[in-house]
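Here is the file my_file01.txt (compact mmCIF, C-alpha atoms).
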```txt
# COMPACT_ATOMS: atom_id res chain seq x y z
CA MET A 1 73.19 118.24 90.82
CA ASP A 2 74.10 117.88 94.47
CA GLU A 3 74.26 114.51 96.14
CA SER A 4 71.23 114.89 98.38
CA GLU A 5 69.08 115.59 95.31
CA LEU A 6 70.54 112.57 93.52
CA ILE A 7 69.71 110.46 96.57
CA GLU A 8 66.13 111.73 96.68
CA ARG A 9 65.71 110.91 93.00
CA ALA A 10 67.36 107.51 93.43
CA LYS A 11 64.85 106.71 96.18
CA ARG A 12 62.15 107.13 93.54
CA GLY A 13 63.96 104.77 91.16
CA ASP A 14 65.34 107.45 88.86
CA GLU A 15 67.82 105.53 86.72
CA ALA A 16 69.94 108.54 85.82
CA ALA A 17 70.35 109.47 89.48
CA ILE A 18 71.22 105.89 90.43
CA ARG A 19 73.74 105.76 87.62
CA ALA A 20 75.22 109.07 88.72
CA LEU A 21 75.62 107.80 92.30
CA TYR A 22 77.15 104.62 90.91
CA GLU A 23 79.65 106.54 88.78
CA ARG A 24 80.60 108.63 91.79
CA HIS A 25 80.97 105.91 94.41
CA SER A 26 81.58 102.59 92.69
CA PRO A 27 85.42 102.85 92.69
CA ARG A 28 85.47 103.10 96.50
CA VAL A 29 82.94 100.27 96.89
CA TYR A 30 84.79 98.06 94.44
CA ALA A 31 88.21 98.75 96.00
CA VAL A 32 87.24 97.51 99.45
CA VAL A 33 85.09 94.63 98.22
CA ARG A 34 87.77 93.48 95.78
CA ARG A 35 90.40 93.26 98.49
CA LEU A 36 88.09 91.48 100.87
CA ALA A 37 87.00 89.04 98.15
CA GLY A 38 90.45 88.09 96.89
CA ASP A 39 89.26 87.53 93.31
CA ASP A 40 87.50 89.41 90.53
CA ALA A 41 84.38 87.31 90.05
CA LEU A 42 83.44 87.28 93.73
CA ALA A 43 84.19 90.97 94.00
CA GLU A 44 81.80 91.78 91.17
CA ASP A 45 79.04 89.72 92.81
CA TRP A 46 79.58 91.25 96.22
CA ALA A 47 79.81 94.79 94.91
CA GLN A 48 76.53 94.19 93.09
CA ASP A 49 74.99 92.86 96.33
CA ALA A 50 76.20 95.97 98.14
CA TRP A 51 74.54 98.30 95.64
CA VAL A 52 71.29 96.35 95.71
CA GLN A 53 71.24 96.40 99.51
CA ALA A 54 72.05 100.10 99.55
CA LEU A 55 69.28 100.96 97.11
CA ARG A 56 66.80 98.77 98.94
CA GLY A 57 67.64 100.57 102.17
CA LEU A 58 68.03 104.04 100.69
CA HIS A 59 64.76 105.23 102.23
CA ARG A 60 66.42 104.73 105.63
CA PHE A 61 69.32 107.02 104.75
CA ARG A 62 68.71 110.34 106.46
CA ASN A 63 71.69 112.48 105.51
CA GLU A 64 72.91 112.28 109.12
CA SER A 65 76.12 110.71 107.90
CA ARG A 66 77.86 111.09 104.59
CA PHE A 67 76.38 108.92 101.89
CA SER A 68 79.85 107.62 101.02
CA THR A 69 80.42 106.46 104.63
CA TRP A 70 77.00 104.81 104.81
CA LEU A 71 77.52 103.04 101.49
CA TYR A 72 81.04 101.96 102.43
CA ARG A 73 79.74 100.25 105.57
CA ILE A 74 77.16 98.41 103.52
CA ALA A 75 79.87 97.31 101.08
CA VAL A 76 82.06 95.91 103.86
CA ASN A 77 79.10 94.13 105.46
CA SER A 78 78.04 92.77 102.10
CA ALA A 79 81.50 91.33 101.50
CA LEU A 80 81.63 89.82 104.97
CA GLN A 81 78.16 88.31 104.53
CA GLY A 82 79.20 87.02 101.13
CA ARG A 83 82.21 85.39 102.68
CA ARG A 84 80.13 83.70 105.38
CA SER A 85 77.60 82.31 102.92
CA ARG A 86 80.40 81.11 100.68
CA GLU A 87 82.07 79.41 103.63
CA ARG A 88 78.89 77.48 104.24
CA ARG A 89 78.74 76.34 100.63
CA THR A 90 82.30 75.42 99.78
CA GLN A 91 85.58 74.31 101.22
CA LEU A 92 88.21 76.97 101.07
CA GLU A 93 90.80 76.40 98.43
CA ASP A 94 94.48 76.36 99.28
CA PRO A 95 95.99 79.74 98.65
CA LEU A 96 97.89 80.02 95.40
CA PRO A 97 101.64 80.39 95.58
CA VAL A 98 102.67 83.93 95.00
CA THR A 99 105.78 85.39 93.53
CA VAL A 100 107.08 88.55 95.06
CA PRO A 101 109.39 90.52 97.47
CA ALA A 102 111.17 93.84 97.57
CA ARG A 103 113.76 95.76 99.46
CA SER A 104 115.66 98.16 97.28
CA PRO A 105 114.12 101.56 96.51
CA ALA A 106 114.37 100.75 92.81
CA ASP A 107 111.84 97.97 93.33
CA ARG A 108 109.38 100.30 95.03
CA PRO A 109 107.11 100.83 91.99
CA LEU A 110 106.34 97.12 92.02
CA LEU A 111 105.59 96.93 95.72
CA ARG A 112 101.94 97.77 95.28
CA VAL A 113 101.45 95.07 92.67
CA ARG A 114 103.21 92.56 94.89
CA LEU A 115 101.14 93.52 97.91
CA GLU A 116 97.89 93.14 95.99
CA ARG A 117 98.93 89.70 94.76
CA ALA A 118 100.02 88.62 98.23
CA LEU A 119 96.69 89.83 99.66
CA ASP A 120 94.88 87.59 97.19
CA ALA A 121 97.02 84.66 98.23
CA LEU A 122 96.33 84.97 101.96
CA PRO A 123 93.89 82.56 103.58
CA GLU A 124 90.49 84.21 103.63
CA ARG A 125 90.09 85.01 107.32
CA MET A 126 93.60 86.44 107.52
CA ARG A 127 92.94 88.57 104.44
CA GLN A 128 89.72 89.95 105.93
CA VAL A 129 91.41 91.06 109.14
CA LEU A 130 94.50 92.43 107.42
CA VAL A 131 92.46 94.41 104.87
CA LEU A 132 90.13 95.81 107.52
CA TYR A 133 92.92 96.75 109.95
CA ASP A 134 95.97 97.65 107.89
CA VAL A 135 94.31 98.89 104.69
CA GLU A 136 90.94 100.25 105.81
CA GLY A 137 91.88 101.44 109.29
CA TYR A 138 89.29 99.55 111.33
CA THR A 139 89.96 99.05 115.05
CA HIS A 140 90.12 95.57 116.54
CA ALA A 141 86.84 96.27 118.34
CA GLU A 142 85.15 97.11 115.02
CA ILE A 143 86.60 94.04 113.34
CA ALA A 144 85.54 91.84 116.25
CA GLU A 145 81.98 93.14 115.94
CA ALA A 146 81.89 92.77 112.15
CA LEU A 147 83.28 89.24 112.16
CA GLY A 148 81.63 88.03 115.36
CA VAL A 149 84.91 87.23 117.10
CA THR A 150 86.78 88.57 120.13
CA THR A 151 89.28 91.41 119.88
CA GLY A 152 91.95 88.91 120.93
CA THR A 153 91.12 86.74 117.93
CA SER A 154 91.21 89.77 115.67
CA LYS A 155 94.70 90.69 116.92
CA SER A 156 96.00 87.16 116.68
CA GLN A 157 94.67 86.83 113.10
CA LEU A 158 96.26 90.14 112.19
CA PHE A 159 99.70 89.11 113.42
CA LYS A 160 99.41 85.76 111.66
CA ALA A 161 98.33 87.55 108.47
CA ARG A 162 101.24 90.02 108.56
CA ALA A 163 103.67 87.16 109.16
CA LYS A 164 102.16 85.17 106.30
CA MET A 165 102.33 88.16 104.02
CA ARG A 166 106.02 88.66 104.88
CA GLU A 167 106.65 85.02 103.97
CA LEU A 168 104.78 85.40 100.69
CA LEU A 169 106.68 88.55 99.80
CA ALA A 170 110.00 86.95 100.60
CA ALA A 171 109.20 83.65 98.91
CA SER A 172 110.86 84.32 95.59
CA PRO A 173 113.47 86.72 94.25
CA VAL A 174 112.62 89.95 92.43
CA ALA A 175 114.08 88.38 89.31
CA ALA A 176 111.22 85.91 89.23
CA VAL A 177 108.72 88.75 89.03
CA LEU A 178 110.68 90.54 86.35
CA GLU A 179 110.99 87.40 84.27
CA GLU A 180 107.19 87.24 84.15
CA VAL A 181 107.03 90.66 82.56
CA MET B 1 117.04 82.07 118.80
CA HIS B 2 115.23 84.74 116.76
CA LEU B 3 111.86 86.30 117.47
CA THR B 4 109.10 84.65 115.47
CA LEU B 5 107.51 86.47 112.52
CA GLU B 6 104.22 86.63 114.42
CA THR B 7 105.95 88.29 117.35
CA LEU B 8 107.61 90.78 115.03
CA ALA B 9 104.24 91.39 113.35
CA ARG B 10 102.83 92.27 116.77
CA LEU B 11 105.72 94.65 117.45
CA VAL B 12 104.81 96.67 114.36
CA ASP B 13 102.27 98.52 116.50
CA GLU B 14 102.64 97.18 120.03
CA GLU B 15 105.34 97.70 122.61
CA ALA B 16 107.98 95.03 123.05
CA THR B 17 108.37 93.21 126.37
CA PRO B 18 111.70 93.84 128.12
CA ALA B 19 113.01 90.47 126.88
CA GLU B 20 111.93 91.20 123.27
CA ALA B 21 113.42 94.69 123.44
CA GLU B 22 116.68 93.26 124.71
CA HIS B 23 116.76 90.72 121.88
CA LEU B 24 116.09 93.43 119.30
CA ARG B 25 118.96 95.48 120.68
CA ARG B 26 121.33 92.57 120.08
CA CYS B 27 119.93 91.02 116.89
CA VAL B 28 120.43 92.89 113.61
CA SER B 29 118.50 90.27 111.66
CA CYS B 30 115.34 90.65 113.77
CA ARG B 31 115.63 94.43 113.68
CA GLU B 32 115.82 94.35 109.88
CA GLU B 33 112.88 91.97 109.64
CA LEU B 34 110.84 94.26 111.88
CA GLU B 35 111.72 97.26 109.71
CA THR B 36 110.64 95.36 106.60
CA LEU B 37 107.35 94.46 108.24
CA ARG B 38 106.80 98.09 109.20
CA ASP B 39 107.48 99.17 105.60
CA GLU B 40 105.01 96.65 104.27
CA VAL B 41 102.30 97.61 106.74
CA ALA B 42 102.84 101.28 105.86
CA ALA B 43 102.57 100.40 102.16
CA LEU B 44 99.29 98.56 102.81
CA ALA B 45 97.85 101.74 104.29
CA GLU B 46 98.82 103.57 101.12
CA LEU B 47 97.08 101.23 98.68
CA PRO B 48 94.66 103.15 96.46
CA ARG B 49 91.23 103.77 97.92
CA LEU B 50 89.64 103.88 94.48
CA VAL B 51 89.62 100.94 92.09
CA PRO B 52 87.25 101.20 89.12
CA PRO B 53 84.95 98.20 88.75
CA PRO B 54 85.10 96.32 85.44
CA PRO B 55 82.96 97.84 82.65
CA SER B 56 80.66 94.80 82.77
CA ALA B 57 79.61 95.65 86.34
CA TRP B 58 77.07 98.37 85.56
CA PRO B 59 75.05 96.50 82.89
CA ALA B 60 74.79 93.50 85.23
CA LEU B 61 73.75 95.68 88.16
CA GLU B 62 71.29 97.63 86.04
CA LYS B 63 69.63 94.40 84.93
CA ARG B 64 69.28 93.24 88.52
CA LEU B 65 67.99 96.60 89.74
CA ARG B 66 65.32 96.54 87.02
CA ALA B 67 64.37 92.97 87.90
CA GLU B 68 63.97 93.98 91.55
CA GLY B 69 62.00 97.10 90.68
CA LEU B 70 64.63 99.41 92.16
CA ILE B 71 64.92 101.28 88.86
CA ALA B 72 61.66 102.79 87.73
CA PRO B 73 60.47 102.11 84.18
CA ALA B 74 62.36 104.27 81.69
CA PRO B 75 60.98 107.82 81.49
CA GLU B 76 60.00 109.35 78.20
CA ALA B 77 62.84 110.74 76.16
CA GLY B 78 63.92 114.18 77.26
CA ARG B 79 62.51 113.96 80.78
CA VAL B 80 65.71 112.99 82.51
CA PRO B 81 67.33 116.06 83.98
CA GLU B 82 70.56 116.89 82.20
CA ALA B 83 72.46 117.32 85.45
CA ALA B 84 71.57 113.84 86.63
CA ARG B 85 72.43 112.17 83.36
CA PRO B 86 75.85 110.56 83.65
CA SER B 87 78.31 112.07 81.28
CA PRO B 88 79.70 109.67 78.69
CA TRP B 89 83.06 110.94 79.92
CA GLY B 90 82.33 109.93 83.52
CA GLY B 91 81.91 113.38 85.07
CA ALA B 92 83.79 116.62 85.16
CA ARG B 93 86.82 115.23 86.93
CA LEU B 94 87.26 112.52 84.34
CA LEU B 95 86.71 115.08 81.62
CA ARG B 96 89.63 117.06 82.91
CA LEU B 97 91.71 113.93 83.35
CA ALA B 98 90.92 112.83 79.80
CA ALA B 99 91.90 116.25 78.57
CA ALA B 100 95.11 116.16 80.56
CA ILE B 101 95.98 112.70 79.26
CA ALA B 102 95.30 113.75 75.70
CA LEU B 103 97.44 116.86 76.11
CA PHE B 104 100.22 114.81 77.62
CA LEU B 105 100.07 112.22 74.88
CA LEU B 106 99.97 114.81 72.16
CA GLY B 107 102.91 116.63 73.72
CA GLY B 108 104.81 113.37 74.06
CA GLY B 109 103.72 112.40 70.57
CA ALA B 110 105.05 115.60 69.11
CA GLY B 111 108.40 115.02 70.74
CA PHE B 112 108.39 111.41 69.66
CA ALA B 113 107.55 112.31 66.07
CA ALA B 114 110.15 115.05 65.97
CA HIS B 115 112.72 112.59 67.21
CA ALA B 116 111.62 109.99 64.69
CA ALA B 117 111.67 112.55 61.91
CA LEU B 118 115.19 113.61 62.79
CA ASP B 119 116.29 110.00 62.82
CA ALA B 120 114.72 109.45 59.43
CA GLY B 121 116.07 112.68 57.98
CA ALA B 122 112.60 113.97 57.36
CA ALA B 123 111.02 116.94 59.04
CA ASP B 124 107.77 117.77 57.43
CA SER B 125 105.05 116.55 59.71
CA GLY B 126 103.91 115.73 63.21
CA PRO B 127 100.90 114.24 64.84
CA GLY B 128 98.00 116.17 66.15
CA GLY B 129 97.25 117.91 62.81
CA ALA B 130 94.59 120.54 62.51
CA ILE B 131 91.55 120.26 64.71
CA ALA B 132 88.37 121.29 62.91
CA SER B 133 86.99 124.33 64.72
CA PRO B 134 88.02 125.82 68.05
CA ALA B 135 86.04 124.41 70.95
CA THR B 136 83.81 126.75 72.85
CA THR B 137 83.17 124.54 75.90
CA VAL B 138 85.28 122.32 78.12
CA GLU B 139 83.27 119.30 76.92
CA ASP B 140 83.95 120.08 73.25
CA ALA B 141 87.62 120.69 73.97
CA ALA B 142 87.88 117.38 75.82
CA ARG B 143 86.19 115.54 72.97
CA GLN B 144 88.51 117.12 70.42
CA LEU B 145 91.49 116.14 72.53
CA ALA B 146 90.21 112.58 72.84
CA GLU B 147 89.73 112.41 69.07
CA ALA B 148 93.22 113.75 68.53
CA GLU B 149 94.53 111.23 71.04
CA ALA B 150 92.87 108.43 69.06
CA VAL B 151 94.50 109.69 65.86
CA TYR B 152 97.84 109.89 67.63
CA ARG B 153 97.52 106.39 69.08
CA SER B 154 96.60 104.99 65.71
CA ALA B 155 99.53 106.73 64.01
CA LEU B 156 101.91 105.60 66.72
CA ALA B 157 100.72 102.00 66.44
CA ARG B 158 101.25 102.16 62.67
CA TYR B 159 104.70 103.66 63.14
CA ASN B 160 105.62 100.95 65.63
CA GLU B 161 104.36 98.31 63.24
CA LEU B 162 106.35 99.69 60.28
CA ALA B 163 109.48 100.43 62.28
CA GLY B 164 109.35 97.19 64.28
CA VAL B 165 109.26 99.08 67.58
CA PRO B 166 107.84 97.04 70.47
CA ILE B 167 104.50 98.44 71.62
CA MET B 168 105.73 98.65 75.19
CA GLY B 169 109.31 99.65 75.94
CA ASP B 170 111.01 98.71 79.14
CA PRO B 171 108.18 98.93 81.68
CA LEU B 172 110.46 99.35 84.66
CA THR B 173 112.22 102.28 83.03
CA ARG B 174 108.84 103.78 82.33
CA LEU B 175 107.71 103.25 85.93
CA ALA B 176 110.90 104.75 87.31
CA THR B 177 110.49 107.75 85.01
CA LEU B 178 106.90 108.24 86.05
CA GLU B 179 107.89 108.02 89.71
CA THR B 180 110.44 110.75 89.13
CA ILE B 181 107.86 112.90 87.35
CA LEU B 182 105.41 112.37 90.21
CA LEU B 183 108.01 113.39 92.78
CA THR B 184 108.67 116.57 90.84
CA THR B 185 105.02 117.45 90.18
CA GLY B 186 104.09 116.49 93.76
CA GLU B 187 106.64 118.94 95.13
CA ALA B 188 105.53 121.58 92.66
CA LEU B 189 101.91 121.14 93.73
CA SER B 190 102.84 121.67 97.38
CA ALA B 191 104.11 125.07 96.34
CA SER B 192 101.38 125.81 93.82
CA PRO B 193 98.40 123.52 94.42
CA ALA B 194 96.03 125.25 92.01
CA ASP B 195 98.31 125.40 88.98
CA PRO B 196 96.26 123.76 86.19
CA VAL B 197 99.30 122.79 84.09
CA ILE B 198 101.09 121.06 86.96
CA ASN B 199 97.83 119.41 88.00
CA GLY B 200 97.35 118.15 84.46
CA TYR B 201 100.79 116.62 84.28
CA HIS B 202 100.51 115.16 87.79
CA LEU B 203 97.14 113.53 87.03
CA THR B 204 98.45 112.25 83.73
CA ALA B 205 101.55 110.74 85.29
CA LEU B 206 99.38 109.07 87.94
CA ALA B 207 97.14 107.60 85.25
CA GLN B 208 100.10 106.45 83.19
CA ARG B 209 101.72 104.84 86.22
CA GLU B 210 98.47 102.99 86.90
CA ALA B 211 98.25 101.87 83.27
CA THR B 212 101.87 100.73 83.24
CA MET B 213 101.37 98.70 86.39
CA GLN B 214 98.32 97.09 84.87
CA GLN B 215 100.29 96.33 81.70
CA LEU B 216 103.03 94.78 83.81
CA VAL B 217 100.56 92.42 85.39
CA LEU B 218 98.69 91.72 82.16
CA ALA B 219 101.97 91.01 80.41
CA SER B 220 102.65 88.31 82.97
CA ASP B 221 99.22 86.83 82.21
CA GLU B 222 98.17 87.46 85.77
CA LYS B 223 95.13 89.23 87.11
CA TRP B 224 95.63 92.81 88.10
CA TYR B 225 94.99 91.87 91.73
```
Could you show the structure in this file as structure tokens?
Amino acid sequence: MDESELIERAKRGDEAAIRALYERHSPRVYAVVRRLAGDDALAEDWAQDAWVQALRGLHRFRNESRFSTWLYRIAVNSALQGRRSRERRTQLEDPLPVTVPARSPADRPLLRVRLERALDALPERMRQVLVLYDVEGYTHAEIAEALGVTTGTSKSQLFKARAKMRELLAASPVAAVLEEV
Amino acid sequence: MHLTLETLARLVDEEATPAEAEHLRRCVSCREELETLRDEVAALAELPRLVPPPPSAWPALEKRLRAEGLIAPAPEAGRVPEAARPSPWGGARLLRLAAAIALFLLGGGAGFAAHAALDAGAADSGPGGAIASPATTVEDAARQLAEAEAVYRSALARYNELAGVPIMGDPLTRLATLETILLTTGEALSASPADPVINGYHLTALAQREATMQQLVLASDEKWY
């Protein structure tokens, strides 16, 4: 069944169609939300919020853009809203120390794992900007609009985040990572 | 006096001032640090765009969607269109991936068993025994492969238990091997993008690399992310 038909059925609350859309798009939604959240439990909550918001607003979707693009925007906004409401409720915790680094080509297979861990360890605002700019390809203007800051702030946060990530990745020798395995 | 990390982070995608450029010309250390930053930023852009949510995510979402009335009350049995019903295998792409993985494992299992048999001086059997009746559809074939994979996994686990073989060998060796396979299959796919055999092996190696990375993290008692 093609996607526009699934969407029409999902608008009417057809569970099978909703499940089919979920199966098709949840990995992309979860990927971006997980990186913005920095931990699994929050990511699951925010991904769920994104799907609920998307299904509530599905009647407004007009096939003028791709469904995946529309849903992705909702997922990012949901994560950013989740972050703001969480900021109001709790003090941010200190980032956990992270073990990592890498230089030699032989270490390359572990680079992705190290990057993901270092992302989780970044302070929240830095992580948001770094994920949106360096991972998701947002412009500073888009980030500024999404976060309610100036483009200058977005840039400055990005450079701080990259510097912090470099420090985290260089903080301990490769051997420390291998010893954990 | 070196350039600060924040300055170098800016120079990843912005032009250096004349003074910064002059410093970079003279300072090997800052140039190397900038190169490392560029590598890391490039690697960030290559992080996977798809990360499956945990299996618990759908039941929790489904419950909430029902509570909010976004899922209509369940229709009578048989009224849900077949095409809209999610496949227990997660769709055609996953079906093919499952089939590819099973093929890969069975192939690897056959080699493994042959090797083990030679070592043991026996040569009378291998995994993957007879499969009941030939499949007539892709779905049936994929199910048969998955069943065979389960048999193979079970036999391998038993073998490992009896022979005292660690469940997971050297993970870094495995990763390096998979990287090499992916380089080879990636190049082959540039020349022959539609070849189903190469596609199968490429997808399987990707999946195995993912699984190995997850095992690496799980083995260190850390979260995957």
Requested in this report: Would you work out the distance separating CA of Glu23 (chain A) from CA of Glu142 (chain A), expressed in Å to one decimal?
Outcome: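 Going from CA of Glu23 (chain A) over to CA of Glu142 (chain A) covers 28.4 Å.
With all atoms listed in the file as the basis for measurement, A:Leu115 is the residue among A:Leu115, A:Ile7, A:Ala146, A:Ala79 that approaches chain B most closely.
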Using all atoms listed in the file, I'd like every residue of chain A that has an atom within 7 Å of chain B; please write them out as a PDB file with C-alpha atoms, in the frame of the given file.
```pdb
ATOM      1  CA  MET A   1      73.190 118.240  90.820  1.00  0.00           C
ATOM      2  CA  GLY A  13      63.960 104.770  91.160  1.00  0.00           C
ATOM      3  CA  ASP A  14      65.340 107.450  88.860  1.00  0.00           C
ATOM      4  CA  GLU A  15      67.820 105.530  86.720  1.00  0.00           C
ATOM      5  CA  ALA A  16      69.940 108.540  85.820  1.00  0.00           C
ATOM      6  CA  ALA A  17      70.350 109.470  89.480  1.00  0.00           C
ATOM      7  CA  ARG A  19      73.740 105.760  87.620  1.00  0.00           C
ATOM      8  CA  ALA A  20      75.220 109.070  88.720  1.00  0.00           C
ATOM      9  CA  GLU A  23      79.650 106.540  88.780  1.00  0.00           C
ATOM     10  CA  SER A  26      81.580 102.590  92.690  1.00  0.00           C
ATOM     11  CA  PRO A  27      85.420 102.850  92.690  1.00  0.00           C
ATOM     12  CA  ARG A  28      85.470 103.100  96.500  1.00  0.00           C
ATOM     13  CA  TYR A  30      84.790  98.060  94.440  1.00  0.00           C
ATOM     14  CA  ALA A  31      88.210  98.750  96.000  1.00  0.00           C
ATOM     15  CA  GLU A  44      81.800  91.780  91.170  1.00  0.00           C
ATOM     16  CA  GLN A  48      76.530  94.190  93.090  1.00  0.00           C
ATOM     17  CA  VAL A  52      71.290  96.350  95.710  1.00  0.00           C
ATOM     18  CA  LEU A  55      69.280 100.960  97.110  1.00  0.00           C
ATOM     19  CA  PRO A 109     107.110 100.830  91.990  1.00  0.00           C
ATOM     20  CA  ARG A 112     101.940  97.770  95.280  1.00  0.00           C
ATOM     21  CA  GLU A 116      97.890  93.140  95.990  1.00  0.00           C
ATOM     22  CA  ARG A 117      98.930  89.700  94.760  1.00  0.00           C
ATOM     23  CA  ASP A 120      94.880  87.590  97.190  1.00  0.00           C
ATOM     24  CA  ASP A 134      95.970  97.650 107.890  1.00  0.00           C
ATOM     25  CA  VAL A 135      94.310  98.890 104.690  1.00  0.00           C
ATOM     26  CA  PHE A 159      99.700  89.110 113.420  1.00  0.00           C
ATOM     27  CA  LYS A 160      99.410  85.760 111.660  1.00  0.00           C
ATOM     28  CA  ARG A 162     101.240  90.020 108.560  1.00  0.00           C
ATOM     29  CA  ALA A 163     103.670  87.160 109.160  1.00  0.00           C
ATOM     30  CA  ARG A 166     106.020  88.660 104.880  1.00  0.00           C
ATOM     31  CA  GLU A 180     107.190  87.240  84.150  1.00  0.00           C
ATOM     32  CA  VAL A 181     107.030  90.660  82.560  1.00  0.00           C
TER      33      VAL A 181
END
```
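Of the listed residues A:Leu132, A:Ala10, A:Ala47, A:Val29, the one whose atoms come nearest to Leu71 (chain A) is A:Val29, with distances taken using only C-alpha atoms.
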Query raised in the report: What separation in Å, quoted to one decimal, exists between CA of Ala54 (chain A) and CA of His140 (chain A)?
Result: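 Separating CA of Ala54 (chain A) from CA of His140 (chain A) is a distance of 25.2 Å.
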Query - For CA of Ser154 (chain A) and CA of Val32 (chain A), the interatomic separation in Å (one decimal) - result: 18.4 Å
